[in-house]
$ cat target36.pdb   # PDB, C-alpha atoms and all ligand atoms
ATOM      1  CA  MET I  85      50.622 -63.846-119.948  1.00  0.00           C
ATOM      2  CA  LEU I  86      49.036 -66.136-117.385  1.00  0.00           C
ATOM      3  CA  ARG I  87      51.289 -67.008-114.449  1.00  0.00           C
ATOM      4  CA  LEU I  88      50.710 -70.216-112.522  1.00  0.00           C
ATOM      5  CA  HIS I  89      51.980 -70.077-108.942  1.00  0.00           C
ATOM      6  CA  GLY I  90      52.822 -73.383-107.309  1.00  0.00           C
ATOM      7  CA  PHE I  91      55.275 -76.258-107.451  1.00  0.00           C
ATOM      8  CA  ALA I  92      55.638 -79.400-109.516  1.00  0.00           C
ATOM      9  CA  VAL I  93      54.953 -81.909-106.724  1.00  0.00           C
ATOM     10  CA  SER I  94      51.544 -80.404-105.921  1.00  0.00           C
ATOM     11  CA  ASN I  95      48.747 -82.497-107.358  1.00  0.00           C
ATOM     12  CA  TYR I  96      46.349 -79.543-107.575  1.00  0.00           C
ATOM     13  CA  PHE I  97      49.000 -77.432-109.301  1.00  0.00           C
ATOM     14  CA  ASN I  98      49.453 -80.249-111.805  1.00  0.00           C
ATOM     15  CA  MET I  99      45.735 -80.360-112.578  1.00  0.00           C
ATOM     16  CA  VAL I 100      45.839 -76.722-113.679  1.00  0.00           C
ATOM     17  CA  LYS I 101      49.161 -77.163-115.466  1.00  0.00           C
ATOM     18  CA  LEU I 102      47.735 -80.050-117.490  1.00  0.00           C
ATOM     19  CA  ALA I 103      44.660 -77.994-118.389  1.00  0.00           C
ATOM     20  CA  LEU I 104      46.880 -75.123-119.615  1.00  0.00           C
ATOM     21  CA  LEU I 105      49.078 -77.498-121.626  1.00  0.00           C
ATOM     22  CA  GLU I 106      46.116 -79.359-123.125  1.00  0.00           C
ATOM     23  CA  LYS I 107      44.492 -76.079-124.064  1.00  0.00           C
ATOM     24  CA  GLY I 108      47.718 -74.795-125.587  1.00  0.00           C
ATOM     25  CA  LEU I 109      47.581 -71.587-123.542  1.00  0.00           C
ATOM     26  CA  PRO I 110      50.877 -69.790-122.923  1.00  0.00           C
ATOM     27  CA  PHE I 111      51.808 -69.479-119.242  1.00  0.00           C
ATOM     28  CA  GLU I 112      54.790 -69.201-116.987  1.00  0.00           C
ATOM     29  CA  VAL I 113      55.334 -70.886-113.645  1.00  0.00           C
ATOM     30  CA  VAL I 114      56.076 -68.933-110.471  1.00  0.00           C
ATOM     31  CA  GLN I 115      57.782 -71.408-108.176  1.00  0.00           C
ATOM     32  CA  VAL I 116      56.245 -71.224-104.687  1.00  0.00           C
ATOM     33  CA  GLN I 117      54.861 -73.516-101.994  1.00  0.00           C
ATOM     34  CA  GLY I 118      51.714 -72.738-100.053  1.00  0.00           C
ATOM     35  CA  SER I 119      52.331 -70.762 -96.865  1.00  0.00           C
ATOM     36  CA  GLN I 120      50.749 -68.562 -94.242  1.00  0.00           C
ATOM     37  CA  SER I 121      53.080 -65.627 -94.896  1.00  0.00           C
ATOM     38  CA  GLU I 122      51.341 -62.276 -95.214  1.00  0.00           C
ATOM     39  CA  ALA I 123      52.698 -61.850 -98.730  1.00  0.00           C
ATOM     40  CA  PHE I 124      51.319 -65.184 -99.916  1.00  0.00           C
ATOM     41  CA  LEU I 125      47.988 -64.835 -98.099  1.00  0.00           C
ATOM     42  CA  ALA I 126      47.509 -61.601-100.043  1.00  0.00           C
ATOM     43  CA  ILE I 127      47.254 -63.614-103.271  1.00  0.00           C
ATOM     44  CA  SER I 128      45.825 -66.894-101.884  1.00  0.00           C
ATOM     45  CA  PRO I 129      43.444 -66.305 -98.957  1.00  0.00           C
ATOM     46  CA  ARG I 130      43.946 -69.796 -97.466  1.00  0.00           C
ATOM     47  CA  GLY I 131      47.641 -69.953 -98.311  1.00  0.00           C
ATOM     48  CA  LYS I 132      47.335 -72.790-100.825  1.00  0.00           C
ATOM     49  CA  VAL I 133      48.630 -73.424-104.317  1.00  0.00           C
ATOM     50  CA  PRO I 134      47.822 -73.288-107.145  1.00  0.00           C
ATOM     51  CA  VAL I 135      47.103 -69.633-107.755  1.00  0.00           C
ATOM     52  CA  LEU I 136      46.544 -68.269-111.228  1.00  0.00           C
ATOM     53  CA  GLN I 137      47.730 -64.741-111.889  1.00  0.00           C
ATOM     54  CA  THR I 138      45.748 -63.015-114.616  1.00  0.00           C
ATOM     55  CA  GLU I 139      45.836 -59.459-115.965  1.00  0.00           C
ATOM     56  CA  GLN I 140      42.970 -58.643-113.600  1.00  0.00           C
ATOM     57  CA  GLY I 141      44.329 -60.295-110.479  1.00  0.00           C
ATOM     58  CA  PHE I 142      44.738 -63.626-108.684  1.00  0.00           C
ATOM     59  CA  ILE I 143      42.432 -66.653-108.668  1.00  0.00           C
ATOM     60  CA  SER I 144      42.762 -69.463-106.143  1.00  0.00           C
ATOM     61  CA  GLU I 145      41.005 -72.848-105.776  1.00  0.00           C
ATOM     62  CA  THR I 146      41.713 -75.361-108.502  1.00  0.00           C
ATOM     63  CA  SER I 147      38.164 -75.997-109.679  1.00  0.00           C
ATOM     64  CA  VAL I 148      37.528 -72.252-109.908  1.00  0.00           C
ATOM     65  CA  ILE I 149      40.753 -71.709-111.873  1.00  0.00           C
ATOM     66  CA  LEU I 150      39.765 -74.525-114.220  1.00  0.00           C
ATOM     67  CA  ASP I 151      36.330 -72.976-114.735  1.00  0.00           C
ATOM     68  CA  TYR I 152      37.938 -69.593-115.420  1.00  0.00           C
ATOM     69  CA  LEU I 153      40.233 -71.098-118.048  1.00  0.00           C
ATOM     70  CA  GLU I 154      37.254 -72.824-119.609  1.00  0.00           C
ATOM     71  CA  GLU I 155      35.190 -69.648-119.736  1.00  0.00           C
ATOM     72  CA  GLN I 156      37.771 -67.017-120.598  1.00  0.00           C
ATOM     73  CA  GLN I 157      40.793 -68.250-122.385  1.00  0.00           C
ATOM     74  CA  GLY I 158      39.814 -70.450-125.330  1.00  0.00           C
ATOM     75  CA  GLY I 159      41.885 -73.406-126.457  1.00  0.00           C
ATOM     76  CA  LYS I 160      40.738 -77.006-126.428  1.00  0.00           C
ATOM     77  CA  PRO I 161      37.557 -77.369-124.350  1.00  0.00           C
ATOM     78  CA  LEU I 162      37.744 -79.638-121.321  1.00  0.00           C
ATOM     79  CA  LEU I 163      34.035 -79.423-120.530  1.00  0.00           C
ATOM     80  CA  PRO I 164      31.225 -80.671-122.784  1.00  0.00           C
ATOM     81  CA  VAL I 165      28.857 -78.134-124.368  1.00  0.00           C
ATOM     82  CA  ALA I 166      25.532 -79.490-123.074  1.00  0.00           C
ATOM     83  CA  PRO I 167      24.684 -78.254-119.552  1.00  0.00           C
ATOM     84  CA  PHE I 168      23.676 -81.701-118.324  1.00  0.00           C
ATOM     85  CA  GLU I 169      26.946 -83.244-119.530  1.00  0.00           C
ATOM     86  CA  ARG I 170      28.919 -80.359-117.995  1.00  0.00           C
ATOM     87  CA  ALA I 171      27.151 -81.012-114.709  1.00  0.00           C
ATOM     88  CA  GLN I 172      28.198 -84.664-114.853  1.00  0.00           C
ATOM     89  CA  VAL I 173      31.851 -83.684-115.314  1.00  0.00           C
ATOM     90  CA  ARG I 174      31.658 -81.195-112.450  1.00  0.00           C
ATOM     91  CA  ALA I 175      29.972 -83.753-110.194  1.00  0.00           C
ATOM     92  CA  LEU I 176      32.734 -86.271-110.945  1.00  0.00           C
ATOM     93  CA  MET I 177      35.398 -83.630-110.183  1.00  0.00           C
ATOM     94  CA  ARG I 178      33.704 -82.834-106.887  1.00  0.00           C
ATOM     95  CA  GLU I 179      33.205 -86.486-105.982  1.00  0.00           C
ATOM     96  CA  ILE I 180      36.878 -87.286-106.602  1.00  0.00           C
ATOM     97  CA  GLU I 181      38.033 -84.238-104.647  1.00  0.00           C
ATOM     98  CA  LEU I 182      35.705 -84.535-101.648  1.00  0.00           C
ATOM     99  CA  TYR I 183      35.375 -88.281-101.302  1.00  0.00           C
ATOM    100  CA  ILE I 184      38.775 -89.578-102.475  1.00  0.00           C
ATOM    101  CA  GLU I 185      41.497 -86.903-102.459  1.00  0.00           C
ATOM    102  CA  LEU I 186      40.579 -85.124 -99.231  1.00  0.00           C
ATOM    103  CA  PRO I 187      40.115 -88.270 -97.099  1.00  0.00           C
ATOM    104  CA  ALA I 188      43.369 -89.671 -98.486  1.00  0.00           C
ATOM    105  CA  ARG I 189      45.098 -86.331 -97.771  1.00  0.00           C
ATOM    106  CA  ALA I 190      44.392 -86.788 -94.055  1.00  0.00           C
ATOM    107  CA  CYS I 191      47.045 -89.539 -94.153  1.00  0.00           C
ATOM    108  CA  TYR I 192      49.761 -87.919 -96.325  1.00  0.00           C
ATOM    109  CA  LEU I 193      51.722 -86.954 -93.197  1.00  0.00           C
ATOM    110  CA  GLU I 194      52.302 -90.616 -92.362  1.00  0.00           C
ATOM    111  CA  VAL I 195      52.525 -92.000 -95.896  1.00  0.00           C
ATOM    112  CA  PHE I 196      54.895 -89.455 -97.425  1.00  0.00           C
ATOM    113  CA  PHE I 197      56.468 -87.377 -94.665  1.00  0.00           C
ATOM    114  CA  GLY I 198      57.373 -89.785 -91.870  1.00  0.00           C
ATOM    115  CA  GLY I 199      54.814 -88.496 -89.341  1.00  0.00           C
ATOM    116  CA  GLN I 200      52.115 -90.310 -87.362  1.00  0.00           C
ATOM    117  CA  VAL I 201      48.395 -90.026 -88.028  1.00  0.00           C
ATOM    118  CA  ASP I 202      45.879 -90.727 -85.278  1.00  0.00           C
ATOM    119  CA  PRO I 203      44.385 -94.247 -85.697  1.00  0.00           C
ATOM    120  CA  ALA I 204      40.832 -92.857 -85.606  1.00  0.00           C
ATOM    121  CA  ILE I 205      41.640 -90.505 -88.483  1.00  0.00           C
ATOM    122  CA  LYS I 206      43.186 -93.388 -90.421  1.00  0.00           C
ATOM    123  CA  ALA I 207      40.091 -95.545 -89.881  1.00  0.00           C
ATOM    124  CA  LYS I 208      37.854 -92.725 -91.115  1.00  0.00           C
ATOM    125  CA  SER I 209      40.136 -92.112 -94.094  1.00  0.00           C
ATOM    126  CA  ARG I 210      39.979 -95.806 -95.036  1.00  0.00           C
ATOM    127  CA  ALA I 211      36.180 -95.954 -94.899  1.00  0.00           C
ATOM    128  CA  ASP I 212      35.785 -92.644 -96.744  1.00  0.00           C
ATOM    129  CA  VAL I 213      38.254 -93.465 -99.514  1.00  0.00           C
ATOM    130  CA  LEU I 214      36.604 -96.851-100.092  1.00  0.00           C
ATOM    131  CA  ALA I 215      33.188 -95.177-100.283  1.00  0.00           C
ATOM    132  CA  GLY I 216      34.634 -92.597-102.691  1.00  0.00           C
ATOM    133  CA  ILE I 217      36.066 -95.290-104.948  1.00  0.00           C
ATOM    134  CA  ALA I 218      32.715 -97.092-104.909  1.00  0.00           C
ATOM    135  CA  ALA I 219      31.027 -93.824-105.934  1.00  0.00           C
ATOM    136  CA  LEU I 220      33.504 -93.337-108.776  1.00  0.00           C
ATOM    137  CA  LYS I 221      32.856 -96.878-110.009  1.00  0.00           C
ATOM    138  CA  ARG I 222      29.139 -96.109-109.974  1.00  0.00           C
ATOM    139  CA  HIS I 223      29.291 -92.718-111.642  1.00  0.00           C
ATOM    140  CA  GLY I 224      32.406 -92.794-113.836  1.00  0.00           C
ATOM    141  CA  ARG I 225      31.798 -93.814-117.455  1.00  0.00           C
ATOM    142  CA  PHE I 226      35.384 -94.741-118.320  1.00  0.00           C
ATOM    143  CA  ALA I 227      34.636 -94.729-122.035  1.00  0.00           C
ATOM    144  CA  PRO I 228      37.636 -94.539-121.928  1.00  0.00           C
ATOM    145  CA  TYR I 229      37.812 -91.179-120.063  1.00  0.00           C
ATOM    146  CA  VAL I 230      36.152 -90.658-116.691  1.00  0.00           C
ATOM    147  CA  ALA I 231      33.162 -88.772-118.105  1.00  0.00           C
ATOM    148  CA  GLY I 232      32.976 -90.252-121.598  1.00  0.00           C
ATOM    149  CA  ASP I 233      34.851 -90.328-124.879  1.00  0.00           C
ATOM    150  CA  ARG I 234      36.831 -87.075-124.384  1.00  0.00           C
ATOM    151  CA  LEU I 235      39.412 -85.873-121.948  1.00  0.00           C
ATOM    152  CA  SER I 236      37.653 -83.577-119.475  1.00  0.00           C
ATOM    153  CA  LEU I 237      38.347 -81.760-116.230  1.00  0.00           C
ATOM    154  CA  ALA I 238      37.233 -84.917-114.398  1.00  0.00           C
ATOM    155  CA  ASP I 239      40.285 -86.732-115.799  1.00  0.00           C
ATOM    156  CA  LEU I 240      42.603 -84.146-114.255  1.00  0.00           C
ATOM    157  CA  TYR I 241      41.128 -84.843-110.833  1.00  0.00           C
ATOM    158  CA  PHE I 242      41.263 -88.579-111.497  1.00  0.00           C
ATOM    159  CA  LEU I 243      44.903 -88.575-112.612  1.00  0.00           C
ATOM    160  CA  TYR I 244      46.256 -86.422-109.808  1.00  0.00           C
ATOM    161  CA  SER I 245      44.134 -87.778-106.946  1.00  0.00           C
ATOM    162  CA  LEU I 246      43.770 -91.521-107.453  1.00  0.00           C
ATOM    163  CA  ASP I 247      47.531 -92.085-107.524  1.00  0.00           C
ATOM    164  CA  LEU I 248      47.871 -90.530-104.074  1.00  0.00           C
ATOM    165  CA  ALA I 249      44.847 -92.372-102.686  1.00  0.00           C
ATOM    166  CA  CYS I 250      46.336 -95.633-103.999  1.00  0.00           C
ATOM    167  CA  ALA I 251      49.622 -94.902-102.223  1.00  0.00           C
ATOM    168  CA  VAL I 252      47.772 -94.244 -98.964  1.00  0.00           C
ATOM    169  CA  ALA I 253      45.627 -97.385 -99.271  1.00  0.00           C
ATOM    170  CA  LYS I 254      48.631 -99.538-100.116  1.00  0.00           C
ATOM    171  CA  LYS I 255      50.897 -98.311 -97.342  1.00  0.00           C
ATOM    172  CA  LEU I 256      48.406 -97.883 -94.490  1.00  0.00           C
ATOM    173  CA  PHE I 257      45.634-100.343 -95.271  1.00  0.00           C
ATOM    174  CA  ALA I 258      47.387-102.972 -97.429  1.00  0.00           C
ATOM    175  CA  LEU I 259      44.660-102.393-100.016  1.00  0.00           C
ATOM    176  CA  ASP I 260      44.911-102.168-103.799  1.00  0.00           C
ATOM    177  CA  LEU I 261      42.208 -99.680-104.775  1.00  0.00           C
ATOM    178  CA  LEU I 262      42.555-100.617-108.436  1.00  0.00           C
ATOM    179  CA  GLU I 263      42.335-104.375-107.918  1.00  0.00           C
ATOM    180  CA  ASP I 264      38.703-104.582-109.038  1.00  0.00           C
ATOM    181  CA  PHE I 265      38.802-101.438-111.122  1.00  0.00           C
ATOM    182  CA  PRO I 266      40.200-102.392-114.557  1.00  0.00           C
ATOM    183  CA  ALA I 267      38.671 -99.328-116.230  1.00  0.00           C
ATOM    184  CA  ALA I 268      40.727 -97.079-113.965  1.00  0.00           C
ATOM    185  CA  VAL I 269      43.887 -99.094-114.664  1.00  0.00           C
ATOM    186  CA  ALA I 270      43.242 -98.726-118.402  1.00  0.00           C
ATOM    187  CA  LEU I 271      42.672 -94.988-118.074  1.00  0.00           C
ATOM    188  CA  PHE I 272      45.913 -94.516-116.130  1.00  0.00           C
ATOM    189  CA  ALA I 273      47.734 -96.357-118.929  1.00  0.00           C
ATOM    190  CA  LEU I 274      46.082 -94.186-121.580  1.00  0.00           C
ATOM    191  CA  LEU I 275      46.880 -90.950-119.766  1.00  0.00           C
ATOM    192  CA  LYS I 276      50.471 -92.015-119.214  1.00  0.00           C
ATOM    193  CA  ASP I 277      50.947 -91.890-123.009  1.00  0.00           C
ATOM    194  CA  ASN I 278      49.912 -88.235-123.140  1.00  0.00           C
ATOM    195  CA  PRO I 279      53.044 -86.087-123.753  1.00  0.00           C
ATOM    196  CA  HIS I 280      51.807 -83.318-121.439  1.00  0.00           C
ATOM    197  CA  VAL I 281      51.252 -85.838-118.654  1.00  0.00           C
ATOM    198  CA  GLN I 282      54.782 -87.121-119.281  1.00  0.00           C
ATOM    199  CA  ARG I 283      56.234 -83.617-119.093  1.00  0.00           C
ATOM    200  CA  ILE I 284      54.443 -82.940-115.811  1.00  0.00           C
ATOM    201  CA  ALA I 285      55.677 -86.262-114.384  1.00  0.00           C
ATOM    202  CA  ALA I 286      59.255 -85.401-115.387  1.00  0.00           C
ATOM    203  CA  ASP I 287      59.009 -81.929-113.793  1.00  0.00           C
ATOM    204  CA  LYS I 288      57.613 -83.530-110.625  1.00  0.00           C
ATOM    205  CA  GLU I 289      60.410 -86.079-110.490  1.00  0.00           C
ATOM    206  CA  LEU I 290      63.002 -83.296-110.624  1.00  0.00           C
ATOM    207  CA  GLU I 291      61.561 -81.632-107.510  1.00  0.00           C
ATOM    208  CA  MET I 292      60.445 -84.705-105.565  1.00  0.00           C
ATOM    209  CA  ALA I 293      63.551 -85.535-103.521  1.00  0.00           C
ATOM    210  CA  ALA I 294      64.058 -81.963-102.296  1.00  0.00           C
ATOM    211  CA  PHE I 295      60.358 -81.613-101.472  1.00  0.00           C
ATOM    212  CA  LEU I 296      60.268 -84.858 -99.454  1.00  0.00           C
ATOM    213  CA  ALA I 297      63.417 -83.859 -97.574  1.00  0.00           C
ATOM    214  CA  LYS I 298      61.921 -80.453 -96.746  1.00  0.00           C
ATOM    215  CA  MET I 299      58.591 -81.902 -95.572  1.00  0.00           C
ATOM    216  CA  ARG I 300      60.040 -84.809 -93.582  1.00  0.00           C
ATOM    217  CA  VAL I 301      59.027 -84.759 -89.929  1.00  0.00           C
ATOM    218  CA  GLY I 302      59.932 -88.272 -88.785  1.00  0.00           C
ATOM    219  CA  PRO I 303      63.114 -90.346 -88.679  1.00  0.00           C
TER     220      PRO I 303
HETATM  221  N1  LIG W   1      41.193 -76.569-102.237  1.00  0.00           N
HETATM  222  C1  LIG W   1      42.493 -76.251-102.783  1.00  0.00           C
HETATM  223  C2  LIG W   1      43.496 -77.275-102.300  1.00  0.00           C
HETATM  224  C3  LIG W   1      44.899 -76.973-102.770  1.00  0.00           C
HETATM  225  C4  LIG W   1      45.938 -77.639-101.878  1.00  0.00           C
HETATM  226  O1  LIG W   1      45.622 -78.401-100.968  1.00  0.00           O
HETATM  227  N2  LIG W   1      47.201 -77.327-102.169  1.00  0.00           N
HETATM  228  C5  LIG W   1      48.286 -77.823-101.353  1.00  0.00           C
HETATM  229  C6  LIG W   1      49.419 -78.342-102.236  1.00  0.00           C
HETATM  230  S1  LIG W   1      48.913 -79.784-103.120  1.00  0.00           S
HETATM  231  C7  LIG W   1      48.836 -76.678-100.538  1.00  0.00           C
HETATM  232  O2  LIG W   1      48.957 -75.583-101.018  1.00  0.00           O
HETATM  233  N3  LIG W   1      49.171 -76.946 -99.277  1.00  0.00           N
HETATM  234  C8  LIG W   1      49.828 -75.977 -98.445  1.00  0.00           C
HETATM  235  C9  LIG W   1      49.111 -75.771 -97.169  1.00  0.00           C
HETATM  236  O3  LIG W   1      48.043 -76.361 -96.962  1.00  0.00           O
HETATM  237  O4  LIG W   1      49.643 -75.007 -96.370  1.00  0.00           O
HETATM  238  C10 LIG W   1      42.424 -76.228-104.320  1.00  0.00           C
HETATM  239  O5  LIG W   1      41.483 -76.819-104.855  1.00  0.00           O
HETATM  240  O6  LIG W   1      43.256 -75.594-104.978  1.00  0.00           O
END
$ encode --input "target36.pdb" --output "structure tokens" --more "lines below"
Ligand SMILES: N[C@@H](CCC(=O)N[C@@H](CS)C(=O)NCC(=O)O)C(=O)O
Amino acid sequence: MLRLHGFAVSNYFNMVKLALLEKGLPFEVVQVQGSQSEAFLAISPRGKVPVLQTEQGFISETSVILDYLEEQQGGKPLLPVAPFERAQVRALMREIELYIELPARACYLEVFFGGQVDPAIKAKSRADVLAGIAALKRHGRFAPYVAGDRLSLADLYFLYSLDLACAVAKKLFALDLLEDFPAAVALFALLKDNPHVQRIAADKELEMAAFLAKMRVGP
């Protein structure tokens, strides 16, 4: 059986978990946080979660795990069949990851863990996240899902990245990223009704307080 290593507060872990649940693939969770311990680096070269354990070995990097599940394991497809449409989904995934999640991540220390982020990094994060949101407005179809009329891998990146970027923008920049983005608001509402999304949110809630306490660096 597939084993998914990670923890319920991790947004990347939750992307893979939602894919597994949507596909109806059996899996078990191995509870672990990313680390630089020798033992963990042996299964995840950069020490990050998620990691998928298969019969052949370990796979790290969320987008690669998602591709593997798509190619190998059957279940409900989360990529379209036509190569051009698949490319659009993959481009949207990449755009959300590189231009929204990663710039927002530069500020998680201050927003969630009580630390301080250098003002220059915050200014760059603000500009980059705004440019990323503009790109998503340009490229996303929101019909009603990010890439069209079906749930796809792009929705997993949307769901578990935009929420964090919104928290960063609200707390550090007093900005509402969804203010002029009604299609994104509607998609969040739609996804919130999905029972697998609800289960993941409940699992996350159970672990949240302990995780925040463990990560806290400030007063
Ligand atoms: N590029 C990685 C990013 C995964 C990632 O950032 N995971 C975080 C948890 S959400 C992590 O493991 N952080 C621990 C660390 O950086 O030491 C992926 O796509 O899977």
$ resolve_selection --input "target36.pdb" --expression "the PyMOL selection byres (((chain I and resi 196-200) around 9) and not hetatm)" --output "NGL selection string"
:I and (191-195 or 201-203 or 251-252 or 296-297 or 299-303)
$ residues_near_ligand --input "target36.pdb" --ligand "ligand LIG 1 (chain W)" --cutoff "8 Å" --atoms "all atoms listed in the file" --output "count of residues only"
21
$ closest_residue --input "target36.pdb" --among "I:Phe111, I:Ala215, I:Ala103, I:Leu271" --to "I:Glu179" --atoms "all atoms listed in the file"
I:Ala215
$ resolve_selection --input "target36.pdb" --expression "the PyMOL selection byres (((chain I and resi 110) around 7) and not hetatm)" --output "CSV table (one decimal) with C-alpha atoms, keeping the file's coordinate frame"
chain,number,residue,atom,x,y,z
I,85,MET,CA,50.6,-63.8,-119.9
I,86,LEU,CA,49.0,-66.1,-117.4
I,108,GLY,CA,47.7,-74.8,-125.6
I,109,LEU,CA,47.6,-71.6,-123.5
I,111,PHE,CA,51.8,-69.5,-119.2
$ closest_residue --input "target36.pdb" --among "I:Ala188, I:Ala249, I:Ala231, I:Leu240" --to "I:Ala207" --atoms "all atoms listed in the file"
I:Ala188
$ residues_around --input "target36.pdb" --residues "I:Pro279" --least-positions-apart "6" --cutoff "10 Å" --atoms "all atoms listed in the file" --output "number ranges by chain"
I: 105-106, 285
$ atom_distance --input "target36.pdb" --atom1 "atom CA of I:Arg174" --atom2 "atom CA of I:Phe242"
12.2 Å
$ resolve_selection --input "target36.pdb" --expression "the PyMOL selection byres (((chain I and resi 280) around 12) and not hetatm)" --output "PyMOL selection string"
chain I and resi 98-108+240+275-279+281-287
